[in-house]
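Notes to accompany the following structure.
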Amino acid sequence: MNLPVLSKDGKDTGRVATLADSVFGIEPNQHVVYLDVKHYLANQRQGTHKAKQRAEIARSTKKIVRQKGSGGARHGSTKSPTFVGGGRVFGPVPRDYDFKLNKKIKVLARKSVLSSRASENNVSIIENFTFEAPKTKSYLSFLNALSLAGTKTLFIIGDYDSNVYLSARNIPKTKVLSVDEVSTYDLINADKVLISEGALSKMETILN
């Protein structure tokens, strides 16, 4: 697949970028995409949730009422889950939600999403550029030139550029990441994927 290389002003530079079929032209595998997104979201969970169980409640252990004759249940402690303020049965405890996912599955998942985005004409190639200083206005002008203002966009650059990153940081629905930082979740969460020329060759090297 060939795509025109656009300038940061949204104009055609006259150059053409060739997208590798091995990365942008495969048959998407939806199941591996699901697994990789699930793995990513699981890693975002802190797992610090905790509810006190019966043994951890600080209350008197004195028997509430006598064993027989009250006509009610034979309660032995107010720590029981049946009482307000008592312990919780099978409550959440701190745990790690991470699970193992093979590297090849992660690579296939990213290829699948990139192929889907490319087939939907939602991938654009941008020439390498930077800003003289970090300014939100500069990045907004870039998005407006591409008619993408208000659209969920992911801009993938070859190497970390603080001026570009900081310029986009305060803009809603916009994210700037280097090739090494991109996850399947980031790709699938964007409606439009912008890839710099430097990032394209680097991405194809990593995913092949």
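Residue names in the structure tokens use chain letters A, B, ... in the order shown, residue numbers from 1 in each chain, and ligand numbers from 1 in the order shown.
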Tell me, as a list of chain:residue names, which residues lie within 12 Å of Ile171 of chain A, counting only C-alpha atoms; anything in the same chain fewer than 4 positions away does not count.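 Returned residues: A:Lys135, A:Thr136, A:Lys137, A:Ser138, A:Tyr139, A:Leu140, A:Ser141, A:Leu143, A:Ala149, A:Gly150, A:Thr151, A:Lys152, A:Thr153, A:Leu154, A:Val164, A:Tyr165, A:Leu166, A:Ser167, A:Lys175, A:Val176.
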Can you tell me, as a short mmCIF file (atom, residue, chain, number, x, y, z; two decimals) with C-alpha atoms, in the first residue's frame, what residues are no more than 10 Å from Ile105 of chain A when counting only C-alpha atoms, ignoring any on the same chain fewer than 5 positions away?
```
data_model
loop_
_atom_site.label_atom_id
_atom_site.label_comp_id
_atom_site.auth_asym_id
_atom_site.auth_seq_id
_atom_site.Cartn_x
_atom_site.Cartn_y
_atom_site.Cartn_z
CA ASN A 29 -6.85 -11.46 14.21
CA HIS A 31 -8.87 -12.61 19.32
CA VAL A 32 -5.21 -11.67 19.82
CA VAL A 33 -6.24 -8.00 19.80
CA LEU A 35 -5.98 -10.65 24.57
CA ASP A 36 -3.45 -7.82 24.24
CA ARG A 110 -0.42 -4.50 16.81
CA LYS A 111 -0.13 -5.65 13.20
#
```
According to DSSP computed on the backbone, where in segment 2-183 of chain A is there strand (DSSP E)? Give the residues as a list in words. Asn2, Leu3, Pro4, Val5, Leu6, Asp12, Thr13, Gly14, Arg15, Val16, Ala17, Thr18, Val123, Ser124, Ile125, Ile126, Thr153, Leu154, Phe155, Ile156, Ile157, Thr174, Lys175, Val176, Leu177 and Ser178 of chain A
Just list as an mmCIF file with C-alpha atoms, in the first residue's frame whatever in segment 33-64 of chain A DSSP marks as helix (DSSP H, G or I).
```
data_model
loop_
_atom_site.group_PDB
_atom_site.id
_atom_site.type_symbol
_atom_site.label_atom_id
_atom_site.label_comp_id
_atom_site.auth_asym_id
_atom_site.auth_seq_id
_atom_site.Cartn_x
_atom_site.Cartn_y
_atom_site.Cartn_z
ATOM 1 C CA VAL A 33 -6.238 -7.999 19.804
ATOM 2 C CA TYR A 34 -8.688 -8.795 22.614
ATOM 3 C CA LEU A 35 -5.984 -10.647 24.570
ATOM 4 C CA ASP A 36 -3.449 -7.825 24.235
ATOM 5 C CA VAL A 37 -5.943 -5.117 25.215
ATOM 6 C CA LYS A 38 -7.052 -7.225 28.181
ATOM 7 C CA HIS A 39 -3.391 -7.663 29.183
ATOM 8 C CA TYR A 40 -2.744 -3.917 28.923
ATOM 9 C CA LEU A 41 -5.797 -2.981 31.000
ATOM 10 C CA ALA A 42 -4.976 -5.640 33.602
ATOM 11 C CA ASN A 43 -1.539 -4.078 34.049
ATOM 12 C CA GLN A 44 -3.141 -0.686 34.705
ATOM 13 C CA ARG A 54 -14.443 -11.287 60.062
ATOM 14 C CA ALA A 55 -11.139 -11.952 61.825
ATOM 15 C CA GLU A 56 -9.904 -8.418 61.101
#
```
Do you know which residues are at most 8 Å from Pro94 of chain A counting only C-alpha atoms, after dropping those on the same chain fewer than 3 positions away, and could you put them as number ranges by chain? A: 47-50
Excluding segment 116-119 of chain A and residues on its chain fewer than 3 positions from it, collect all residues at most 8 Å away from it, counting only C-alpha atoms, and give them as a ChimeraX atom specification. /A:24-25,28,112-113,122-123,192-193
Expressed in Å to a single decimal, how great is the separation between atom CA of Asp159 of chain A and atom CA of Thr184 of chain A?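 Separation between atom CA of Asp159 of chain A and atom CA of Thr184 of chain A: 18.5 Å.
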Within 7 Å of Lys63 of chain A, counting only C-alpha atoms, which residues qualify if same-chain residues fewer than 4 places away don't, as a list of chain:residue names?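 Contacts, with the query itself left out: A:His75, A:Gly76, A:Ser77.
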Computed interatomic separation between atom CA of Leu194 of chain A and atom CA of Glu181 of chain A (Å): 14.5 Å
Of the listed residues A:Asn163, A:Ser80, A:Ser147, A:Asn102, that which approaches Glu132 of chain A most closely, counting only C-alpha atoms: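 Smallest distance to Glu132 of chain A is found for A:Asn163.
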Measure the distance from atom CA of Ser124 of chain A to atom CA of Ile195 of chain A in Å and round it to one decimal.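 For atom CA of Ser124 of chain A relative to atom CA of Ile195 of chain A, the distance reads 6.2 Å.
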Residues near Arg45 of chain A, anyone? I mean within 9 Å using only C-alpha atoms, not counting same-chain ones fewer than 5 positions away, as an NGL selection string. :A and (96-98)
Now that the selection is made, can you save its residues with N, CA, C and O atoms as an mmCIF file, in the first residue's frame?
```
data_model
loop_
_atom_site.group_PDB
_atom_site.id
_atom_site.type_symbol
_atom_site.label_atom_id
_atom_site.label_comp_id
_atom_site.auth_asym_id
_atom_site.auth_seq_id
_atom_site.Cartn_x
_atom_site.Cartn_y
_atom_site.Cartn_z
ATOM 1 N N ASP A 96 -2.350 -9.225 42.215
ATOM 2 C CA ASP A 96 -1.756 -8.780 40.961
ATOM 3 C C ASP A 96 -2.597 -9.330 39.818
ATOM 4 O O ASP A 96 -2.818 -10.542 39.732
ATOM 5 N N TYR A 97 -3.063 -8.444 38.938
ATOM 6 C CA TYR A 97 -3.931 -8.868 37.838
ATOM 7 C C TYR A 97 -3.151 -9.261 36.578
ATOM 8 O O TYR A 97 -3.736 -9.633 35.571
ATOM 9 N N ASP A 98 -1.853 -9.164 36.615
ATOM 10 C CA ASP A 98 -1.042 -9.449 35.434
ATOM 11 C C ASP A 98 -1.135 -10.925 35.051
ATOM 12 O O ASP A 98 -1.323 -11.795 35.910
#
```
Neighbours of Thr13 of chain A within 9 Å (only C-alpha atoms; same-chain residues fewer than 5 positions away dropped), as a PDB file with N, CA, C and O atoms, in the first residue's frame?
```pdb
ATOM      1  N   PRO A   4       0.518   8.993   0.366  1.00  0.00           N
ATOM      2  CA  PRO A   4       1.276  10.242   0.189  1.00  0.00           C
ATOM      3  C   PRO A   4       1.838  10.728   1.519  1.00  0.00           C
ATOM      4  O   PRO A   4       1.200  10.562   2.563  1.00  0.00           O
ATOM      5  N   VAL A   5       3.008  11.318   1.484  1.00  0.00           N
ATOM      6  CA  VAL A   5       3.612  11.891   2.684  1.00  0.00           C
ATOM      7  C   VAL A   5       3.142  13.336   2.803  1.00  0.00           C
ATOM      8  O   VAL A   5       3.326  14.138   1.881  1.00  0.00           O
ATOM      9  N   LEU A   6       2.540  13.658   3.922  1.00  0.00           N
ATOM     10  CA  LEU A   6       1.999  14.991   4.142  1.00  0.00           C
ATOM     11  C   LEU A   6       2.932  15.826   5.012  1.00  0.00           C
ATOM     12  O   LEU A   6       3.648  15.299   5.860  1.00  0.00           O
ATOM     13  N   SER A   7       2.912  17.129   4.785  1.00  0.00           N
ATOM     14  CA  SER A   7       3.695  18.033   5.619  1.00  0.00           C
ATOM     15  C   SER A   7       2.886  18.383   6.857  1.00  0.00           C
ATOM     16  O   SER A   7       1.699  18.052   6.949  1.00  0.00           O
ATOM     17  N   GLU A 127       5.579  13.915   7.329  1.00  0.00           N
ATOM     18  CA  GLU A 127       7.026  14.113   7.256  1.00  0.00           C
ATOM     19  C   GLU A 127       7.577  14.451   8.651  1.00  0.00           C
ATOM     20  O   GLU A 127       6.868  14.978   9.511  1.00  0.00           O
TER      21      GLU A 127
END
```
